[in-house]
Structures are given as structure tokens and as C-alpha cells.
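Report on the following structure.
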Amino acid sequence: MEQRNNVTEFVLLGLTQSRQGQKILFAVFLLIYLVTMAGNLLIVLTVVLSPALNAPMFIFLGYLSFIDAIYTTTVTPKMVKDLLYEKSTISFKACMTQLFVGHLFGGVDIILLVVMAYDRYVAICKPLHYLAIMNQQRCALLLLLTWVGGFLHAAPHVLFVYNLPFCGPNVIDHFICDMYPLIKLACIDTHVIGLTVVANDGVICMVIFSLLLVSYSVILRSLKNLSQEGRHKALSTCGSHIMVVVLFFVPCIFIYVRPPSTLPVDKSLTLFYTVITPMLNPLIYTLRNAEMKSAMKKLWSRKQK
């Protein structure tokens, strides 16, 4: 423990060392963050205030937007602020907090996508039993499950890293505190810890991504039993979900489903699923969902009166 305390803070190299580049990125990512928060909070408010959107699908969608807003807030505000300074630092405790909270909400996000896929499966493949299966108690239990799963995913990360001896270099070639850049700085052999990261993050990403692809394949095969209007609506909803799943999981899989290492491209990929995807989610869901767009128009009309 005493050895670890030799490092009380870490230096984050960020996205670029160019002052001109930092100014441009500051403006770009500040705008992205504002758009992300506005879009996700608009969906949350629409779901909460619209009586027509009381179906589990919209409750889960509002929940996803809420989680996305918090998830990106664990990363983007500090990254944007750091772009204003030549040297960016983060304390050891703040680094551990960011590591835990980021993986907690990332884990909740991943499991919630599975819950949403299950909801669509029941709605399309068992429509007559949908209300009985997706009752309020079942929905509440599924949402609780996302938090339990997120915690079980995030806790080992902090437990492993917190007790590592950091006795020398404290420069992280990244814009956030994440597992691979951190264990790279430890003064001991971290090969075993690296494998646990692959098992925790990599295997979970692959298993859940595969499970989601299989579930949507089953759903899409069952569409032949629906009317043309029902098929179009189901395709639109499932298409949105599949797009979100691909945007989130492909970068995660590339980073974590490989031997423990850090690559220059990791920063760009991490940026994509922590900053860009939460911004795109509201656009993907609202632009492809007629009921959501209709509810937003009604709310807007109500405020104009």
C-alpha cells in the first residue's frame, strides 16, 4: 500500500498535444456533449410526460437515455475541460471513481440493451401474452437486474487496480482512466490481471453481442407472421436497436477481445462508445420511431399554447 501511495495523481495525455488541435476539439466535444444531454433528456421528459408512451418499450428507452446521459457525463466534461490546459491531471481517487462509475454505467447500458431485445422478442413473438409477461413487476425486476449486473461488472476493476503498486511513471496515454492504460503503469507483472479484464470485459461483450444478434435473428424470422404494417413497425423498432447495438459493441469488442495491450487507435474507439454513441442514440430512436416523434410534437404543441 505504501508503494502505491508514491503516485497520488496521474497525468492524462488526452487526445492530442497540439494546442491548436485542443482548441478545435474543445469546441467540437463541448457541442457534442450539449447535443447529447439535450437529446437524451428530451427523450426522458417525453417518456415521463406522455401518457401514450407508457409501454415497457418506451420506459426502457427513456431509461437508456437517462443512463447514456450519466455515462457520457463521467467522461466528457473532464475531457472537454482538460483540452483547455497544457497539462491535464487526475487524482488517484478521482481516477478510481471514474474507472468504477464508467464501467458501472457501461455495464448497465449493455445489460439494458439485452432487456430491450427481450422486450421486443416478447412483443413480436408472443403478442397475446405481452402484457402478462411484461407487467410492472417484471419490468422493475429487469431494471434492477441491470444495476446488479453493472455493479458486478465494475467492482472487480477497482478492486484489482486499487491495490496495484504504482511506484514510478504516472503518465496515462489516454483521456480517461481505463484498465489497460492503468495496469501498464503498475510496477509488477499484470499478465493475470490483464486476462481477467479480457474475461470480464471481452467475454461479456462477445457473449452479449452474440446473444443479441441471435435474438434479433429470431425476431426478424418471426416477422413473416405479421401484417405488412406490423412488419414495417417491427422492422423500424428492431432496426434502431440493432444499429445501437453495433455502434456500442464493435468498438468495445476490438478493445477488449484481444491480448491485454494498448494501441493508439484505442483512444478513438473509446471516444466513440463513450461520447459519440450516447449522442447518436436519441437521433436513431426518435427518427425511426413514429410514436416517439408524435409524442414530442404533442408536448411541444402543449408548451406553445
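Residue numbering restarts at 1 for every chain of the C-alpha cells, chains are lettered A, B, ... in their displayed order, and ligands are numbered from 1 as they appear.
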
task: Enumerate the residues of region 165-228 of chain A with a DSSP assignment of helix (DSSP H, G or I), computed from the backbone, and present them as JSON, numbers by chain.
output: {"A": [179, 180, 181, 182, 183, 191, 192, 193, 194, 195, 196, 197, 198, 199, 200, 201, 202, 203, 204, 205, 206, 207, 208, 209, 210, 211, 212, 213, 214, 215, 216, 217, 218, 219, 220, 221, 222, 223, 224, 225, 228]}

Contacts of Phe209 (chain A) within 10 Å, only C-alpha atoms, excl. fewer than 2 positions in-chain, as a list in words: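 The residues satisfying every condition are Ile110, Leu113, Val114, Val203, Ile204, Cys205, Met206, Val207, Leu211, Leu212, Leu213, Val214, Ser215, Val245, Val246, Phe248, Phe249, Val250 and Ile253 of chain A.
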
query: In terms of the shortest atom-to-atom distance over only C-alpha atoms, which of A:Lys87, A:His153, A:Arg120, A:Lys233 is closest to Phe10 (chain A)?
result: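 Closest to Phe10 (chain A), using only C-alpha atoms: A:Lys87.
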
task: Counting only C-alpha atoms, figure out which residue out of A:Leu84, A:Ile111, A:Val75, A:Met134 gets nearest to Gly21 (chain A).
output: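 Using only C-alpha atoms, Gly21 (chain A) sits closest to A:Leu84.
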
task: For region 33-42 of chain A, list every protein, DNA or RNA residue within 12 Å, evaluated using only C-alpha atoms, and leave out those in the same chain fewer than 5 positions away; present the list as a ChimeraX atom specification.
output: /A:25-28,47-50,61-81,274-287,292-293,295-297,299-300

Which residues of region 75-151 of chain A have any atom within 12 Å of an atom in region 185-201 of chain A when counting only C-alpha atoms, and what is the closest pair of atoms for each, with the distance in Å to one decimal? Order the rows by chain and rising number and write it as CSV.
```
residue,atom,partner,partner_atom,distance
A:His103,CA,A:Asp201,CA,9.3
A:Leu104,CA,A:Asp201,CA,11.8
A:Gly106,CA,A:Asp201,CA,10.3
A:Gly107,CA,A:Asp201,CA,9.2
A:Ile110,CA,A:Asp201,CA,10.9
A:Gly149,CA,A:Asn200,CA,11.6
A:Gly150,CA,A:Asp201,CA,11.4
```

message: Can you measure CA of Thr46 (chain A) to CA of Lys298 (chain A) for me? One decimal in Å is fine.
response: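 Straight-line distance from CA of Thr46 (chain A) to CA of Lys298 (chain A) works out to 9.6 Å.
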
- request: If you run DSSP over the backbone, which residues in region 65-292 of chain A end up strand (DSSP E or B)? Put them as a list in words.
  value: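 Matching residues for strand (DSSP E or B) in region 65-292 of chain A are Ser88, Thr89, Ile90, Ser91, Val171 and Ile172 of chain A.
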
Go ahead and save the residues from that selection, with N, CA and C atoms, as a PDB file, in the first residue's frame.
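The result, written out as result-v8.pdb:
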```pdb
ATOM      1  N   SER A  88      -2.843  17.968 -18.141  1.00  0.00           N
ATOM      2  CA  SER A  88      -4.082  17.509 -17.510  1.00  0.00           C
ATOM      3  C   SER A  88      -3.749  16.425 -16.487  1.00  0.00           C
ATOM      4  N   THR A  89      -4.282  16.575 -15.290  1.00  0.00           N
ATOM      5  CA  THR A  89      -4.029  15.582 -14.242  1.00  0.00           C
ATOM      6  C   THR A  89      -5.347  15.115 -13.634  1.00  0.00           C
ATOM      7  N   ILE A  90      -5.287  13.965 -12.992  1.00  0.00           N
ATOM      8  CA  ILE A  90      -6.431  13.441 -12.248  1.00  0.00           C
ATOM      9  C   ILE A  90      -5.883  12.748 -11.009  1.00  0.00           C
ATOM     10  N   SER A  91      -6.495  13.007  -9.862  1.00  0.00           N
ATOM     11  CA  SER A  91      -6.010  12.393  -8.624  1.00  0.00           C
ATOM     12  C   SER A  91      -6.264  10.888  -8.650  1.00  0.00           C
ATOM     13  N   VAL A 171       2.119   8.698 -16.184  1.00  0.00           N
ATOM     14  CA  VAL A 171       1.561   9.304 -17.390  1.00  0.00           C
ATOM     15  C   VAL A 171       0.685   8.276 -18.116  1.00  0.00           C
ATOM     16  N   ILE A 172      -0.596   8.614 -18.283  1.00  0.00           N
ATOM     17  CA  ILE A 172      -1.545   7.745 -18.971  1.00  0.00           C
ATOM     18  C   ILE A 172      -1.779   8.290 -20.373  1.00  0.00           C
TER      19      ILE A 172
END
```

10 Å contact set for Ser18 (chain A), only C-alpha atoms, chain neighbours under 5 positions out, as a PyMOL selection string: chain A and resi 23-24+83+86

Convert the current residue selection to file output with all heavy atoms, as a short mmCIF file (atom, residue, chain, number, x, y, z; two decimals), in the first residue's frame.
```
data_model
loop_
_atom_site.label_atom_id
_atom_site.label_comp_id
_atom_site.auth_asym_id
_atom_site.auth_seq_id
_atom_site.Cartn_x
_atom_site.Cartn_y
_atom_site.Cartn_z
N LYS A 23 -7.89 23.28 -29.08
CA LYS A 23 -8.93 24.32 -29.16
C LYS A 23 -10.08 23.87 -30.07
O LYS A 23 -11.26 24.08 -29.75
CB LYS A 23 -8.33 25.63 -29.69
CG LYS A 23 -7.38 26.30 -28.72
CD LYS A 23 -6.74 27.53 -29.34
CE LYS A 23 -5.71 28.15 -28.38
NZ LYS A 23 -5.02 29.30 -29.02
N ILE A 24 -9.73 23.25 -31.19
CA ILE A 24 -10.76 22.76 -32.11
C ILE A 24 -11.58 21.66 -31.46
O ILE A 24 -12.82 21.65 -31.51
CB ILE A 24 -10.11 22.26 -33.42
CG1 ILE A 24 -9.46 23.42 -34.17
CG2 ILE A 24 -11.16 21.57 -34.30
CD1 ILE A 24 -8.61 22.99 -35.35
N LEU A 83 -8.97 19.90 -22.26
CA LEU A 83 -8.50 20.44 -23.54
C LEU A 83 -8.12 21.91 -23.44
O LEU A 83 -7.49 22.46 -24.35
CB LEU A 83 -9.58 20.25 -24.62
CG LEU A 83 -9.80 18.81 -25.08
CD1 LEU A 83 -11.09 18.68 -25.89
CD2 LEU A 83 -8.61 18.31 -25.90
N GLU A 86 -2.57 22.83 -20.88
CA GLU A 86 -1.43 22.13 -21.50
C GLU A 86 -1.16 20.81 -20.79
O GLU A 86 -0.77 19.83 -21.41
CB GLU A 86 -0.18 23.02 -21.44
CG GLU A 86 -0.24 24.20 -22.39
CD GLU A 86 1.08 24.94 -22.46
OE1 GLU A 86 2.13 24.33 -22.14
OE2 GLU A 86 1.07 26.12 -22.83
#
```

- request: Using only C-alpha atoms, determine which residues lie at most 12 Å from Ser268 (chain A), disregarding the query and same-chain residues fewer than 2 positions distant; provide the list as an NGL selection string.
  value: :A and (14-16 or 174-176 or 251-252 or 254-255 or 263-266 or 270-276)

statement: What separates CA of Val158 (chain A) and CA of Val244 (chain A) is a distance of 27.6 Å
